[in-house]
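Q: File name target_9.txt; file contents compact mmCIF, C-alpha atoms; full text below.
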```
# COMPACT_ATOMS: atom_id res chain seq x y z
CA MET A 1 154.80 -81.24 -217.70
CA ALA A 2 155.68 -77.58 -217.26
CA GLU A 3 152.88 -75.10 -217.63
CA GLN A 4 153.59 -72.31 -220.03
CA GLN A 5 152.85 -68.96 -218.46
CA GLU A 6 151.48 -66.28 -220.70
CA LYS A 7 152.89 -62.86 -220.03
CA GLU A 8 150.38 -60.07 -219.65
CA TYR A 9 151.55 -57.09 -221.62
CA SER A 10 151.02 -53.55 -220.42
CA LEU A 11 149.12 -51.11 -222.62
CA LEU A 12 152.38 -49.32 -223.34
CA GLU A 13 154.07 -52.55 -224.47
CA ILE A 14 151.12 -53.32 -226.75
CA TRP A 15 151.20 -49.80 -228.22
CA ARG A 16 154.94 -49.93 -228.83
CA GLY A 17 154.65 -53.42 -230.30
CA ASN A 18 152.02 -52.20 -232.77
CA ALA A 19 153.78 -48.95 -233.53
CA TYR A 20 157.22 -50.42 -234.12
CA ALA A 21 156.22 -53.82 -235.50
CA ALA A 22 159.10 -55.34 -237.43
CA GLN A 23 156.77 -57.17 -239.79
CA LYS A 24 155.36 -53.94 -241.22
CA SER A 25 156.55 -52.89 -244.66
CA GLN A 26 157.98 -49.40 -245.03
CA LYS A 27 154.75 -48.32 -246.73
CA GLU A 28 152.60 -49.73 -243.90
CA SER A 29 154.80 -48.08 -241.31
CA ASN A 30 154.62 -44.71 -243.09
CA GLU A 31 150.83 -44.97 -243.36
CA PHE A 32 150.55 -45.90 -239.67
CA TRP A 33 152.66 -42.94 -238.54
CA ASN A 34 151.01 -40.45 -240.92
CA ARG A 35 147.59 -41.41 -239.50
CA TYR A 36 148.92 -41.25 -235.94
CA PHE A 37 150.57 -37.83 -236.45
CA GLN A 38 147.30 -36.35 -237.77
CA ILE A 39 145.43 -37.68 -234.72
CA GLU A 40 148.18 -36.44 -232.41
CA LYS A 41 148.04 -32.98 -233.99
CA GLY A 42 144.27 -32.85 -233.43
CA ILE A 43 144.62 -33.74 -229.75
CA TYR A 44 147.36 -31.14 -229.25
CA GLU A 45 145.25 -28.46 -230.97
CA LYS A 46 142.47 -29.11 -228.44
CA ILE A 47 144.77 -29.25 -225.42
CA LEU A 48 146.80 -26.17 -226.37
CA ALA A 49 143.65 -24.17 -227.15
CA GLU A 50 142.74 -24.21 -223.45
CA PRO A 51 146.08 -23.90 -221.61
CA GLU A 52 144.42 -22.99 -218.31
CA VAL A 53 142.52 -26.31 -218.25
CA VAL A 54 144.48 -29.27 -216.90
CA VAL A 55 143.05 -32.29 -218.68
CA GLN A 56 142.66 -35.36 -216.48
CA GLY A 57 140.73 -38.59 -216.40
CA THR A 58 141.25 -42.28 -216.95
CA VAL A 59 143.05 -43.39 -220.09
CA LYS A 60 139.75 -44.78 -221.38
CA GLU A 61 137.89 -41.50 -220.65
CA LEU A 62 140.51 -39.44 -222.48
CA ALA A 63 140.40 -41.78 -225.48
CA GLU A 64 136.63 -41.29 -225.59
CA LYS A 65 136.93 -37.51 -225.04
CA TYR A 66 139.27 -37.12 -228.02
CA GLY A 67 137.51 -39.77 -230.14
CA VAL A 68 140.50 -42.06 -230.52
CA GLU A 69 141.23 -45.73 -229.91
CA LEU A 70 142.57 -46.65 -226.49
CA LEU A 71 146.01 -47.61 -227.81
CA VAL A 72 146.31 -44.35 -229.76
CA MET A 73 145.71 -42.49 -226.50
CA VAL A 74 148.40 -44.65 -224.89
CA GLY A 75 150.79 -43.58 -227.66
CA PHE A 76 149.86 -39.94 -227.09
CA LEU A 77 150.47 -40.30 -223.35
CA ASP A 78 153.83 -41.93 -224.08
CA GLY A 79 154.81 -38.98 -226.25
CA ILE A 80 153.75 -36.18 -223.90
CA ASN A 81 154.89 -37.79 -220.65
CA GLU A 82 158.36 -36.18 -220.53
CA SER A 83 156.76 -32.74 -220.92
CA LEU A 84 154.37 -33.09 -218.00
CA ILE A 85 154.79 -31.31 -214.69
CA GLN A 86 153.82 -34.57 -212.95
CA PRO A 87 154.64 -37.57 -215.20
CA ASN A 88 152.08 -40.37 -215.46
CA PRO A 89 152.83 -44.02 -214.62
CA ILE A 90 152.82 -44.99 -218.30
CA GLU A 91 154.77 -48.22 -217.84
CA THR A 92 152.06 -49.73 -215.63
CA MET A 93 148.90 -47.89 -216.65
CA THR A 94 145.67 -49.64 -217.48
CA GLU A 95 142.59 -48.19 -219.13
CA ASP A 96 141.35 -47.25 -215.64
CA THR A 97 144.51 -45.40 -214.58
CA VAL A 98 143.82 -41.73 -213.89
CA VAL A 99 146.24 -39.54 -215.83
CA ASN A 100 146.90 -35.83 -215.83
CA LEU A 101 148.04 -33.75 -218.83
CA GLY A 102 149.34 -30.71 -216.94
CA TYR A 103 152.27 -29.74 -219.15
CA ASP A 104 155.20 -27.37 -218.88
CA ARG A 105 154.79 -25.06 -221.90
CA GLU A 106 158.45 -24.44 -222.63
CA LEU A 107 159.48 -28.04 -222.03
CA LEU A 108 156.69 -29.30 -224.29
CA TYR A 109 157.78 -26.90 -227.03
CA LYS A 110 161.42 -27.98 -226.70
CA ASN A 111 160.49 -31.66 -226.73
CA MET A 112 158.47 -31.14 -229.90
CA VAL A 113 161.53 -29.51 -231.47
CA GLU A 114 163.72 -32.41 -230.32
CA ALA A 115 161.29 -34.90 -231.86
CA LYS A 116 161.46 -32.93 -235.12
CA ALA A 117 157.67 -32.67 -234.93
CA GLU A 118 157.34 -29.55 -237.04
CA TRP A 119 153.59 -30.17 -237.42
CA LEU A 120 153.36 -29.66 -233.64
CA TYR A 121 155.83 -26.92 -232.72
CA THR A 122 154.46 -24.73 -235.55
CA LEU A 123 150.84 -24.94 -234.36
CA GLU A 124 149.10 -21.57 -234.21
CA ALA A 125 148.44 -22.03 -230.46
CA TRP A 126 152.12 -21.47 -229.66
CA ASN A 127 151.69 -17.79 -230.62
CA THR A 128 149.46 -17.47 -227.55
CA LEU A 129 151.22 -19.94 -225.23
CA ILE A 130 154.68 -18.47 -225.79
CA PRO A 131 153.74 -15.11 -227.33
CA SER A 132 157.26 -13.84 -227.89
CA ASP A 133 158.77 -14.91 -231.25
CA GLU A 134 162.18 -14.28 -229.70
CA ARG A 135 161.49 -16.65 -226.81
CA ARG A 136 160.29 -19.42 -229.16
CA LYS A 137 163.46 -18.91 -231.23
CA GLU A 138 165.57 -19.10 -228.04
CA LEU A 139 163.87 -22.34 -226.99
CA TYR A 140 164.33 -23.77 -230.48
CA LYS A 141 168.01 -22.84 -230.48
CA GLU A 142 168.54 -24.16 -226.91
CA GLN A 143 167.06 -27.51 -227.87
CA LYS A 144 168.99 -27.81 -231.12
CA SER A 145 172.29 -26.87 -229.47
CA SER A 146 171.74 -29.18 -226.49
CA HIS A 147 172.96 -32.08 -228.62
CA THR A 148 175.94 -30.25 -230.12
CA ILE A 149 179.21 -31.64 -228.84
CA VAL A 150 181.96 -29.08 -228.33
CA LYS A 151 185.42 -30.58 -228.05
CA ASP A 152 188.02 -28.84 -225.93
CA LYS A 153 191.17 -27.70 -227.63
CA LYS A 154 193.72 -30.50 -227.54
CA VAL A 155 196.66 -29.85 -225.25
CA GLY A 156 199.95 -29.90 -227.14
CA ARG A 157 203.02 -31.72 -225.75
CA ASN A 158 204.90 -28.47 -225.16
CA ASP A 159 201.93 -26.48 -223.83
CA PRO A 160 201.67 -25.65 -220.12
CA CYS A 161 199.93 -28.47 -218.27
CA PRO A 162 196.23 -27.72 -217.63
CA CYS A 163 196.58 -28.99 -214.06
CA GLY A 164 198.32 -25.74 -213.16
CA SER A 165 201.70 -27.18 -212.11
CA GLY A 166 203.60 -24.79 -214.39
CA LYS A 167 205.39 -27.69 -216.09
CA LYS A 168 205.07 -28.60 -219.74
CA TYR A 169 202.29 -31.09 -220.40
CA LYS A 170 204.78 -33.73 -221.65
CA HIS A 171 206.68 -33.62 -218.32
CA CYS A 172 203.55 -33.63 -216.13
CA CYS A 173 200.14 -35.15 -216.86
CA GLY A 174 201.04 -36.13 -220.44
CA ARG A 175 203.26 -39.01 -219.37
```
Once you've parsed the file, please lay out its structure as structure tokens.

A:
Amino acid sequence: MAEQQEKEYSLLEIWRGNAYAAQKSQKESNEFWNRYFQIEKGIYEKILAEPEVVVQGTVKELAEKYGVELLVMVGFLDGINESLIQPNPIETMTEDTVVNLGYDRELLYKNMVEAKAEWLYTLEAWNTLIPSDERRKELYKEQKSSHTIVKDKKVGRNDPCPCGSGKKYKHCCGR
């Protein structure tokens, strides 16, 4: 008789399973994310209000500090991780893993734009963190254009070959 081994899920897997549960109705999913986004906004308001302070502690300590459930903090850490100067080991973290929220201001702003998180990249704190309106507009534009695909002009059969041979494309690389 083969023993069935139970897989231990990481905190991140549990968070993602709850957040993206297939059995949720559209209404339940919308309610879940609306609640989460309000909590996320509150945490960001606190973190961005003190940019000189690098927040660190265990996952459990940070959840307590911000008054949120452990898995909500895991979701927050998942979201901010790509914007951190030193990413956290989110795939393997436990509630006792020490994490650091030292973020790169411009990268965080751009990642918020990429995520279409208008409730985050329009926070009042950005006026202090990146005081120049022009710079914020540049970062916004850089992020939006980073996914724009620009196709090269198609080489015509009778055009000079782009390889530089001096021959027509059809008699060179176009064969």

Q: For Trp33 in chain A, please output as a list of chain:residue names all residues within 9 Å (counting all atoms listed in the file; exclusion window: fewer than 5 positions along the same chain).

A: A:Ala19, A:Glu28, A:Gln38

Q: When you count only C-alpha atoms, which of these residues is closest to Lys60 in chain A: A:Leu108, A:Val99, A:Val155, A:Leu139?

A: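 The answer is A:Val99, which sits nearest to Lys60 in chain A.
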
Q: Quick one: of A:Ile85, A:Leu62, A:Ala49, A:Cys163, who's nearest to Trp126 in chain A, counting all atoms listed in the file?

A: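 Using all atoms listed in the file, the shortest distance to Trp126 in chain A belongs to A:Ala49.
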
Q: A:Glu13, A:Glu124, A:Glu61, A:Glu69: which is nearest Asn100 in chain A, counting all atoms listed in the file?

A: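 When distances to Asn100 in chain A are compared using all atoms listed in the file, the smallest one comes from A:Glu61.
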
Q: If we count all atoms listed in the file and set the cut-off at 9 Å, which residues sit around Asp78 in chain A, ignoring sequence neighbours fewer than 6 positions away in its own chain? Please answer as an MDAnalysis selection string.

A: chainID A and resid 12 88 90:91

Q: How would the residues just picked look written out with C-alpha atoms as a short mmCIF file (atom, residue, chain, number, x, y, z; two decimals), keeping the file's coordinate frame?

A:
```
data_model
loop_
_atom_site.label_atom_id
_atom_site.label_comp_id
_atom_site.auth_asym_id
_atom_site.auth_seq_id
_atom_site.Cartn_x
_atom_site.Cartn_y
_atom_site.Cartn_z
CA LEU A 12 152.38 -49.32 -223.34
CA ASN A 88 152.08 -40.37 -215.46
CA ILE A 90 152.82 -44.99 -218.30
CA GLU A 91 154.77 -48.22 -217.84
#
```

Q: Find the residues near Lys154 in chain A: any atom within 12 Å, counting all atoms listed in the file, skip ones fewer than 6 places away on the same chain, and give them as a PyMOL selection string.

A: chain A and resi 160-162+169+174

Q: Rank nothing, just name the residue among A:Phe32, A:Tyr109, A:Trp119, A:Tyr103 nearest to Glu138 in chain A, using only C-alpha atoms.

A: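 Looking only at the distances to Glu138 in chain A, the closest residue turns out to be A:Tyr109.
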